[in-house]
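Everything below belongs to structure.json, which stores JSON, C-alpha atoms.
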[["chain", "number", "residue", "atom", "x", "y", "z"],
["A", 41, "MET", "CA", -14.01, -18.01, -30.06],
["A", 42, "ILE", "CA", -17.53, -16.53, -30.06],
["A", 43, "ASN", "CA", -19.01, -19.95, -29.29],
["A", 44, "HIS", "CA", -16.55, -20.46, -26.43],
["A", 45, "LEU", "CA", -17.58, -17.15, -24.89],
["A", 46, "LYS", "CA", -21.26, -18.10, -25.17],
["A", 47, "TYR", "CA", -20.62, -21.48, -23.56],
["A", 48, "SER", "CA", -18.69, -19.79, -20.74],
["A", 49, "LYS", "CA", -21.56, -17.39, -20.07],
["A", 50, "GLY", "CA", -24.08, -20.25, -20.19],
["A", 51, "LEU", "CA", -22.06, -22.29, -17.68],
["A", 52, "HIS", "CA", -21.75, -19.20, -15.52],
["A", 53, "ILE", "CA", -25.54, -18.71, -15.47],
["A", 54, "LEU", "CA", -25.98, -22.41, -14.65],
["A", 55, "ILE", "CA", -23.67, -22.00, -11.65],
["A", 56, "LEU", "CA", -25.71, -19.05, -10.38],
["A", 57, "CYS", "CA", -28.83, -21.22, -10.68],
["A", 58, "CYS", "CA", -27.04, -23.89, -8.60],
["A", 59, "PHE", "CA", -27.37, -21.57, -5.60],
["A", 60, "LEU", "CA", -31.01, -22.68, -5.54],
["A", 61, "LEU", "CA", -29.83, -26.20, -4.63],
["A", 62, "PRO", "CA", -29.65, -27.40, -1.01],
["A", 63, "PHE", "CA", -26.29, -26.28, 0.40],
["A", 64, "PHE", "CA", -26.39, -26.88, 4.16],
["A", 65, "HIS", "CA", -28.36, -28.87, 6.68],
["A", 66, "ALA", "CA", -28.62, -27.83, 10.33],
["A", 67, "SER", "CA", -27.61, -30.88, 12.36],
["A", 68, "CYS", "CA", -29.53, -32.44, 15.22],
["A", 69, "GLU", "CA", -26.92, -31.06, 17.62],
["A", 70, "ASP", "CA", -28.24, -27.54, 17.05],
["A", 71, "GLU", "CA", -31.80, -28.69, 17.71],
["A", 72, "LEU", "CA", -30.63, -30.46, 20.88],
["A", 73, "GLN", "CA", -28.81, -27.32, 22.02],
["A", 74, "GLU", "CA", -31.96, -25.26, 21.41],
["A", 75, "GLU", "CA", -34.01, -27.71, 23.47],
["A", 76, "MET", "CA", -31.42, -27.63, 26.26],
["A", 77, "ALA", "CA", -31.41, -23.83, 26.19],
["A", 78, "LYS", "CA", -35.22, -23.79, 26.46],
["A", 79, "THR", "CA", -35.07, -26.27, 29.35],
["A", 80, "GLU", "CA", -32.49, -24.12, 31.12],
["A", 81, "MET", "CA", -34.67, -21.03, 30.63],
["A", 82, "ILE", "CA", -37.68, -22.83, 32.11],
["A", 83, "MET", "CA", -35.58, -24.00, 35.08],
["A", 84, "ALA", "CA", -34.20, -20.47, 35.55],
["A", 85, "GLU", "CA", -37.73, -19.06, 35.54],
["A", 86, "GLN", "CA", -38.79, -21.66, 38.09],
["A", 87, "VAL", "CA", -35.81, -20.82, 40.30],
["A", 88, "ALA", "CA", -36.65, -17.11, 39.96],
["A", 89, "LYS", "CA", -40.21, -17.81, 41.10],
["A", 90, "ASP", "CA", -38.92, -19.81, 44.07],
["A", 91, "ASP", "CA", -36.53, -16.98, 44.94],
["A", 92, "SER", "CA", -39.34, -14.43, 44.77],
["A", 93, "ALA", "CA", -41.40, -16.59, 47.12],
["A", 94, "ILE", "CA", -38.48, -16.76, 49.55],
["A", 95, "SER", "CA", -37.94, -13.00, 49.28],
["A", 96, "VAL", "CA", -41.36, -12.37, 50.86],
["A", 97, "THR", "CA", -40.21, -14.02, 54.10],
["A", 98, "ASP", "CA", -36.56, -12.99, 54.04],
["A", 99, "SER", "CA", -36.33, -9.74, 52.07],
["A", 100, "ASP", "CA", -33.20, -8.41, 53.77],
["A", 101, "ASN", "CA", -30.99, -11.39, 52.85],
["A", 102, "VAL", "CA", -32.24, -11.45, 49.26],
["A", 103, "ALA", "CA", -31.64, -7.70, 48.92],
["A", 104, "GLU", "CA", -28.01, -8.22, 49.89],
["A", 105, "GLU", "CA", -27.66, -11.04, 47.35],
["A", 106, "ASN", "CA", -29.23, -8.94, 44.58],
["A", 107, "ILE", "CA", -26.90, -6.03, 45.30],
["A", 108, "SER", "CA", -23.82, -8.25, 45.06],
["A", 109, "LEU", "CA", -24.50, -9.73, 41.59],
["A", 110, "PRO", "CA", -25.03, -7.42, 38.56],
["A", 111, "THR", "CA", -22.51, -5.06, 37.06],
["A", 112, "PRO", "CA", -19.08, -6.60, 37.59],
["A", 113, "ALA", "CA", -20.00, -9.73, 35.62],
["A", 114, "SER", "CA", -21.25, -7.75, 32.63],
["A", 115, "THR", "CA", -18.22, -5.49, 32.78],
["A", 116, "ASN", "CA", -15.87, -8.47, 32.89],
["A", 117, "ASN", "CA", -17.67, -10.11, 29.98],
["A", 118, "SER", "CA", -17.45, -6.98, 27.83],
["A", 119, "SER", "CA", -13.74, -6.57, 28.61],
["A", 120, "LYS", "CA", -13.13, -10.24, 27.79],
["A", 121, "ASN", "CA", -14.97, -9.83, 24.47],
["A", 122, "LYS", "CA", -12.79, -6.83, 23.63],
["A", 123, "ASP", "CA", -9.63, -8.75, 24.53],
["A", 124, "ASP", "CA", -10.71, -11.54, 22.18],
["A", 125, "LEU", "CA", -10.80, -9.16, 19.19],
["A", 126, "SER", "CA", -7.89, -9.54, 16.79],
["A", 127, "SER", "CA", -7.32, -5.77, 16.62],
["A", 128, "HIS", "CA", -6.78, -5.59, 20.40],
["A", 129, "LYS", "CA", -4.36, -8.52, 20.32],
["A", 130, "ILE", "CA", -2.38, -6.82, 17.54],
["A", 131, "VAL", "CA", -2.29, -3.50, 19.42],
["A", 132, "ASP", "CA", -1.13, -5.29, 22.58],
["A", 133, "LYS", "CA", 1.77, -6.82, 20.66],
["A", 134, "ILE", "CA", 2.55, -3.79, 18.46],
["A", 135, "PRO", "CA", 1.42, -0.60, 20.29],
["A", 136, "ILE", "CA", 2.57, 1.61, 17.40],
["A", 137, "LEU", "CA", -0.46, 0.36, 15.40],
["A", 138, "LYS", "CA", -2.96, 1.70, 17.94],
["A", 139, "PRO", "CA", -3.66, 5.00, 16.04],
["A", 140, "ILE", "CA", -4.66, 3.11, 12.89],
["A", 141, "LEU", "CA", -6.65, 0.36, 14.62],
["A", 142, "THR", "CA", -8.13, 1.56, 17.93],
["A", 143, "PRO", "CA", -7.32, 5.29, 18.25],
["A", 144, "ASP", "CA", -9.55, 5.75, 21.30],
["A", 145, "LYS", "CA", -11.57, 3.73, 23.79],
["A", 146, "ASP", "CA", -14.40, 1.77, 22.10],
["A", 147, "ILE", "CA", -13.44, 3.31, 18.72],
["A", 148, "TYR", "CA", -12.37, 1.06, 15.84],
["A", 149, "THR", "CA", -11.08, 2.11, 12.44],
["A", 150, "GLY", "CA", -12.29, 0.50, 9.24],
["A", 151, "LEU", "CA", -9.08, -1.52, 9.06],
["A", 152, "ALA", "CA", -9.62, -2.82, 12.60],
["A", 153, "THR", "CA", -13.18, -3.82, 11.71],
["A", 154, "VAL", "CA", -11.89, -5.76, 8.69],
["A", 155, "ILE", "CA", -9.27, -7.53, 10.83],
["A", 156, "ASP", "CA", -11.84, -8.38, 13.53],
["A", 157, "SER", "CA", -14.16, -9.82, 10.87],
["A", 158, "PHE", "CA", -11.64, -12.37, 9.57],
["A", 159, "PRO", "CA", -12.61, -15.14, 12.05],
["A", 160, "TRP", "CA", -16.20, -14.93, 10.76],
["A", 161, "ILE", "CA", -15.37, -14.88, 7.07],
["A", 162, "ILE", "CA", -16.16, -18.58, 6.57],
["A", 163, "PHE", "CA", -19.76, -17.87, 7.59],
["A", 164, "MET", "CA", -20.01, -15.09, 4.97],
["A", 165, "SER", "CA", -18.15, -17.00, 2.23],
["A", 166, "THR", "CA", -21.29, -18.19, 0.43],
["A", 167, "PRO", "CA", -22.69, -14.67, -0.27],
["A", 168, "ILE", "CA", -19.15, -13.44, -1.07],
["A", 169, "ALA", "CA", -18.69, -16.24, -3.64],
["A", 170, "PHE", "CA", -22.10, -15.44, -5.12],
["A", 171, "LEU", "CA", -21.17, -11.75, -5.35],
["A", 172, "PHE", "CA", -17.90, -12.57, -7.15],
["A", 173, "LEU", "CA", -19.82, -14.71, -9.65],
["A", 174, "ILE", "CA", -22.28, -11.88, -10.33],
["A", 175, "VAL", "CA", -19.44, -9.39, -10.84],
["A", 176, "ASN", "CA", -17.60, -11.90, -13.04],
["A", 177, "LEU", "CA", -20.61, -12.45, -15.29],
["A", 178, "THR", "CA", -21.04, -8.67, -15.59],
["A", 179, "VAL", "CA", -17.38, -8.35, -16.65],
["A", 180, "LYS", "CA", -17.88, -11.08, -19.28],
["A", 181, "ILE", "CA", -20.84, -9.21, -20.72],
["A", 182, "ILE", "CA", -19.24, -5.74, -20.64],
["A", 183, "ASP", "CA", -15.65, -6.57, -21.61],
["A", 184, "LYS", "CA", -15.01, -10.01, -23.09],
["A", 185, "ASN", "CA", -11.29, -9.23, -23.42],
["A", 186, "ALA", "CA", -10.73, -8.88, -19.65],
["A", 187, "ARG", "CA", -9.77, -12.54, -19.48],
["A", 188, "ARG", "CA", -7.27, -12.30, -16.62],
["A", 189, "THR", "CA", -9.80, -10.49, -14.44],
["A", 190, "ILE", "CA", -12.40, -13.13, -15.29],
["A", 191, "VAL", "CA", -10.07, -16.01, -14.34],
["A", 192, "PHE", "CA", -9.07, -14.21, -11.13],
["A", 193, "LEU", "CA", -12.73, -13.77, -10.11],
["A", 194, "ASP", "CA", -13.39, -17.44, -10.94],
["A", 195, "ILE", "CA", -10.59, -18.48, -8.57],
["A", 196, "LEU", "CA", -11.85, -16.18, -5.79],
["A", 197, "ALA", "CA", -15.40, -17.53, -6.07],
["A", 198, "PHE", "CA", -14.07, -21.10, -6.04],
["A", 199, "GLY", "CA", -11.89, -20.46, -2.97],
["A", 200, "PHE", "CA", -14.58, -18.72, -0.93],
["A", 201, "LEU", "CA", -17.20, -21.38, -1.64],
["A", 202, "LEU", "CA", -14.67, -24.08, -0.78],
["A", 203, "ILE", "CA", -14.33, -22.74, 2.80],
["A", 204, "ALA", "CA", -17.99, -21.74, 3.16],
["A", 205, "HIS", "CA", -20.04, -22.75, 6.20],
["A", 206, "SER", "CA", -23.60, -22.11, 7.22],
["A", 207, "LEU", "CA", -24.44, -19.63, 9.97],
["A", 208, "SER", "CA", -25.58, -22.68, 11.94],
["A", 209, "LEU", "CA", -22.45, -23.94, 13.72],
["A", 210, "GLY", "CA", -23.27, -27.64, 13.56],
["A", 211, "SER", "CA", -24.41, -27.69, 9.93],
["A", 212, "GLU", "CA", -23.49, -30.29, 7.32],
["A", 213, "ARG", "CA", -22.63, -29.63, 3.68],
["A", 214, "LEU", "CA", -25.08, -31.09, 1.20],
["A", 215, "TRP", "CA", -24.60, -32.18, -2.40],
["A", 216, "GLY", "CA", -25.58, -28.77, -3.79],
["A", 217, "VAL", "CA", -22.37, -27.22, -2.45],
["A", 218, "TRP", "CA", -20.17, -29.84, -4.07],
["A", 219, "VAL", "CA", -21.99, -29.62, -7.41],
["A", 220, "THR", "CA", -21.52, -25.84, -7.41],
["A", 221, "ILE", "CA", -17.85, -26.06, -6.40],
["A", 222, "SER", "CA", -17.22, -28.63, -9.13],
["A", 223, "LEU", "CA", -18.90, -26.48, -11.78],
["A", 224, "ILE", "CA", -16.93, -23.39, -10.70],
["A", 225, "GLY", "CA", -13.74, -25.46, -11.01],
["A", 226, "ILE", "CA", -14.76, -26.51, -14.53],
["A", 227, "LEU", "CA", -15.62, -22.89, -15.39],
["A", 228, "THR", "CA", -12.21, -21.71, -14.13],
["A", 229, "ILE", "CA", -10.38, -24.26, -16.28],
["A", 230, "TYR", "CA", -12.55, -23.37, -19.27],
["A", 231, "ASP", "CA", -11.95, -19.63, -18.87],
["A", 232, "ILE", "CA", -8.19, -20.28, -18.62],
["A", 233, "TYR", "CA", -8.44, -22.26, -21.88],
["A", 234, "ILE", "CA", -10.33, -19.38, -23.54],
["A", 235, "ASN", "CA", -7.70, -16.95, -22.27],
["A", 236, "ARG", "CA", -4.96, -18.99, -23.94],
["A", 237, "LEU", "CA", -6.93, -19.18, -27.19],
["A", 238, "LEU", "CA", -7.34, -15.40, -27.12],
["A", 239, "ARG", "CA", -3.60, -14.95, -26.55],
["A", 240, "ASN", "CA", -2.75, -17.21, -29.47],
["A", 241, "GLU", "CA", -5.14, -15.29, -31.73],
["A", 242, "LEU", "CA", -3.54, -11.99, -30.74],
["A", 243, "LYS", "CA", -0.05, -13.39, -31.37],
["A", 244, "GLY", "CA", -1.13, -14.75, -34.75],
["A", 245, "SER", "CA", -2.62, -11.44, -35.84],
["A", 246, "SER", "CA", 0.47, -9.44, -34.77]]
Turn this file's structure into structure tokens for me.
Amino acid sequence: MINHLKYSKGLHILILCCFLLPFFHASCEDELQEEMAKTEMIMAEQVAKDDSAISVTDSDNVAEENISLPTPASTNNSSKNKDDLSSHKIVDKIPILKPILTPDKDIYTGLATVIDSFPWIIFMSTPIAFLFLIVNLTVKIIDKNARRTIVFLDILAFGFLLIAHSLSLGSERLWGVWVTISLIGILTIYDIYINRLLRNELKGSS
């Protein structure tokens, strides 16, 4: 059993080292979007210069145009962003939950923040999986008999890394991700096997 525990810890450390492997590659689409955004900015600056040149000859008309544009758009955008939040959608459907989600205007409880963060969880899955692996290794070192907790943390790390994405929207998964996922799967199966061995030893001794 002692050797099995050592092998499990060694495999665990190897998996943590796998996070040094290439995981994601930003696709050319992102680079193209950046170039398009830069081009649009340059065109906008050029248009702004042309508008400023026109404003010298026709200041009254431009003043009226400038007055008509600003705040409503930003206000509409902010209200749309709020409406897109999951907590607001839930409160709209179930008003009784308002005190525990959004008790006042522009105020969000911790639970509401957690709910609103769910759509972004896939972009945070890689650090979450890494954190679970660190905690799991610590548990193995501190309490080798906490086998169910160890297996549970293995499964969580495996699941989060399986859905992980890069912060770059158009990124591609590289071989490092699949190697790490495969090793975590092997580690989970191995820890389940060790858990069963430990159970059989306890039954035999009792």
May I have the residues within 12 Å of region 226-238 of chain A as a PyMOL selection string, using all atoms listed in the file and disregarding those fewer than 4 positions away in the same chain?
chain A and resi 41-56+173+176-177+180+184-199+219-222+242-245
Can you write just those residues out, C-alpha atoms, as a PDB file, in the coordinates of the input?
ATOM      1  CA  MET A  41     -14.010 -18.010 -30.060  1.00  0.00           C
ATOM      2  CA  ILE A  42     -17.530 -16.530 -30.060  1.00  0.00           C
ATOM      3  CA  ASN A  43     -19.010 -19.950 -29.290  1.00  0.00           C
ATOM      4  CA  HIS A  44     -16.550 -20.460 -26.430  1.00  0.00           C
ATOM      5  CA  LEU A  45     -17.580 -17.150 -24.890  1.00  0.00           C
ATOM      6  CA  LYS A  46     -21.260 -18.100 -25.170  1.00  0.00           C
ATOM      7  CA  TYR A  47     -20.620 -21.480 -23.560  1.00  0.00           C
ATOM      8  CA  SER A  48     -18.690 -19.790 -20.740  1.00  0.00           C
ATOM      9  CA  LYS A  49     -21.560 -17.390 -20.070  1.00  0.00           C
ATOM     10  CA  GLY A  50     -24.080 -20.250 -20.190  1.00  0.00           C
ATOM     11  CA  LEU A  51     -22.060 -22.290 -17.680  1.00  0.00           C
ATOM     12  CA  HIS A  52     -21.750 -19.200 -15.520  1.00  0.00           C
ATOM     13  CA  ILE A  53     -25.540 -18.710 -15.470  1.00  0.00           C
ATOM     14  CA  LEU A  54     -25.980 -22.410 -14.650  1.00  0.00           C
ATOM     15  CA  ILE A  55     -23.670 -22.000 -11.650  1.00  0.00           C
ATOM     16  CA  LEU A  56     -25.710 -19.050 -10.380  1.00  0.00           C
ATOM     17  CA  LEU A 173     -19.820 -14.710  -9.650  1.00  0.00           C
ATOM     18  CA  ASN A 176     -17.600 -11.900 -13.040  1.00  0.00           C
ATOM     19  CA  LEU A 177     -20.610 -12.450 -15.290  1.00  0.00           C
ATOM     20  CA  LYS A 180     -17.880 -11.080 -19.280  1.00  0.00           C
ATOM     21  CA  LYS A 184     -15.010 -10.010 -23.090  1.00  0.00           C
ATOM     22  CA  ASN A 185     -11.290  -9.230 -23.420  1.00  0.00           C
ATOM     23  CA  ALA A 186     -10.730  -8.880 -19.650  1.00  0.00           C
ATOM     24  CA  ARG A 187      -9.770 -12.540 -19.480  1.00  0.00           C
ATOM     25  CA  ARG A 188      -7.270 -12.300 -16.620  1.00  0.00           C
ATOM     26  CA  THR A 189      -9.800 -10.490 -14.440  1.00  0.00           C
ATOM     27  CA  ILE A 190     -12.400 -13.130 -15.290  1.00  0.00           C
ATOM     28  CA  VAL A 191     -10.070 -16.010 -14.340  1.00  0.00           C
ATOM     29  CA  PHE A 192      -9.070 -14.210 -11.130  1.00  0.00           C
ATOM     30  CA  LEU A 193     -12.730 -13.770 -10.110  1.00  0.00           C
ATOM     31  CA  ASP A 194     -13.390 -17.440 -10.940  1.00  0.00           C
ATOM     32  CA  ILE A 195     -10.590 -18.480  -8.570  1.00  0.00           C
ATOM     33  CA  LEU A 196     -11.850 -16.180  -5.790  1.00  0.00           C
ATOM     34  CA  ALA A 197     -15.400 -17.530  -6.070  1.00  0.00           C
ATOM     35  CA  PHE A 198     -14.070 -21.100  -6.040  1.00  0.00           C
ATOM     36  CA  GLY A 199     -11.890 -20.460  -2.970  1.00  0.00           C
ATOM     37  CA  VAL A 219     -21.990 -29.620  -7.410  1.00  0.00           C
ATOM     38  CA  THR A 220     -21.520 -25.840  -7.410  1.00  0.00           C
ATOM     39  CA  ILE A 221     -17.850 -26.060  -6.400  1.00  0.00           C
ATOM     40  CA  SER A 222     -17.220 -28.630  -9.130  1.00  0.00           C
ATOM     41  CA  LEU A 242      -3.540 -11.990 -30.740  1.00  0.00           C
ATOM     42  CA  LYS A 243      -0.050 -13.390 -31.370  1.00  0.00           C
ATOM     43  CA  GLY A 244      -1.130 -14.750 -34.750  1.00  0.00           C
ATOM     44  CA  SER A 245      -2.620 -11.440 -35.840  1.00  0.00           C
TER      45      SER A 245
END
With distances taken over all atoms listed in the file, which of A:Thr149, A:Ser126, A:Thr166, A:Thr142 is nearest to Leu207 (chain A)?
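Closest to Leu207 (chain A), using all atoms listed in the file: A:Thr166.
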Surrounding residues of Pro139 (chain A) excluding itself and chain neighbours under 4 positions, 10 Å, all atoms listed in the file, as a VMD selection string:
chain A and resid 131 135 143 to 144 148 to 149
Listed atoms of region 181-188 of chain A boxed axis-aligned with 4 Å per side, centre + edges as lines of an AutoDock Vina configuration file:
center_x = -14.1
center_y = -9.1
center_z = -20.0
size_x = 21.6
size_y = 14.8
size_z = 14.8
Mind giving me the straight-line distance from CA of Ser165 (chain A) to CA of Lys129 (chain A) in Å, one decimal?
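Result for CA of Ser165 (chain A) versus CA of Lys129 (chain A): 24.3 Å, one decimal.
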Between CA of Asp132 (chain A) and CA of Ala152 (chain A), what distance in Å does the model show, to one decimal?
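Spanning CA of Asp132 (chain A) to CA of Ala152 (chain A) is a straight-line distance of 13.3 Å.
With all atoms listed in the file as the atoms that count, the minimum distance from Ile168 (chain A) to the choices A:Leu202, A:Ile136, A:Leu60, A:Ile181 is reached by A:Leu202.
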Taking 4 positions as the minimum chain separation for residues in the same chain, which residues sit within 10 Å of Leu214 (chain A) when counting all atoms listed in the file? Answer as a ChimeraX atom specification.
/A:61-65,218-219
Between CA of Met164 (chain A) and CA of Ile134 (chain A), measure the distance and give it in Å to one decimal.
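Distance between the two atoms: 28.6 Å.
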Residue nearest Leu209 (chain A) among A:Ile224, A:Ile155, A:Ile162, A:Ile130 (counting only C-alpha atoms):
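The closest residue to Leu209 (chain A) is A:Ile162.
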One residue among A:Asp124, A:Leu141, A:Thr178, A:Asp146 is nearest to Pro159 (chain A) when using only C-alpha atoms, and that residue is A:Asp124
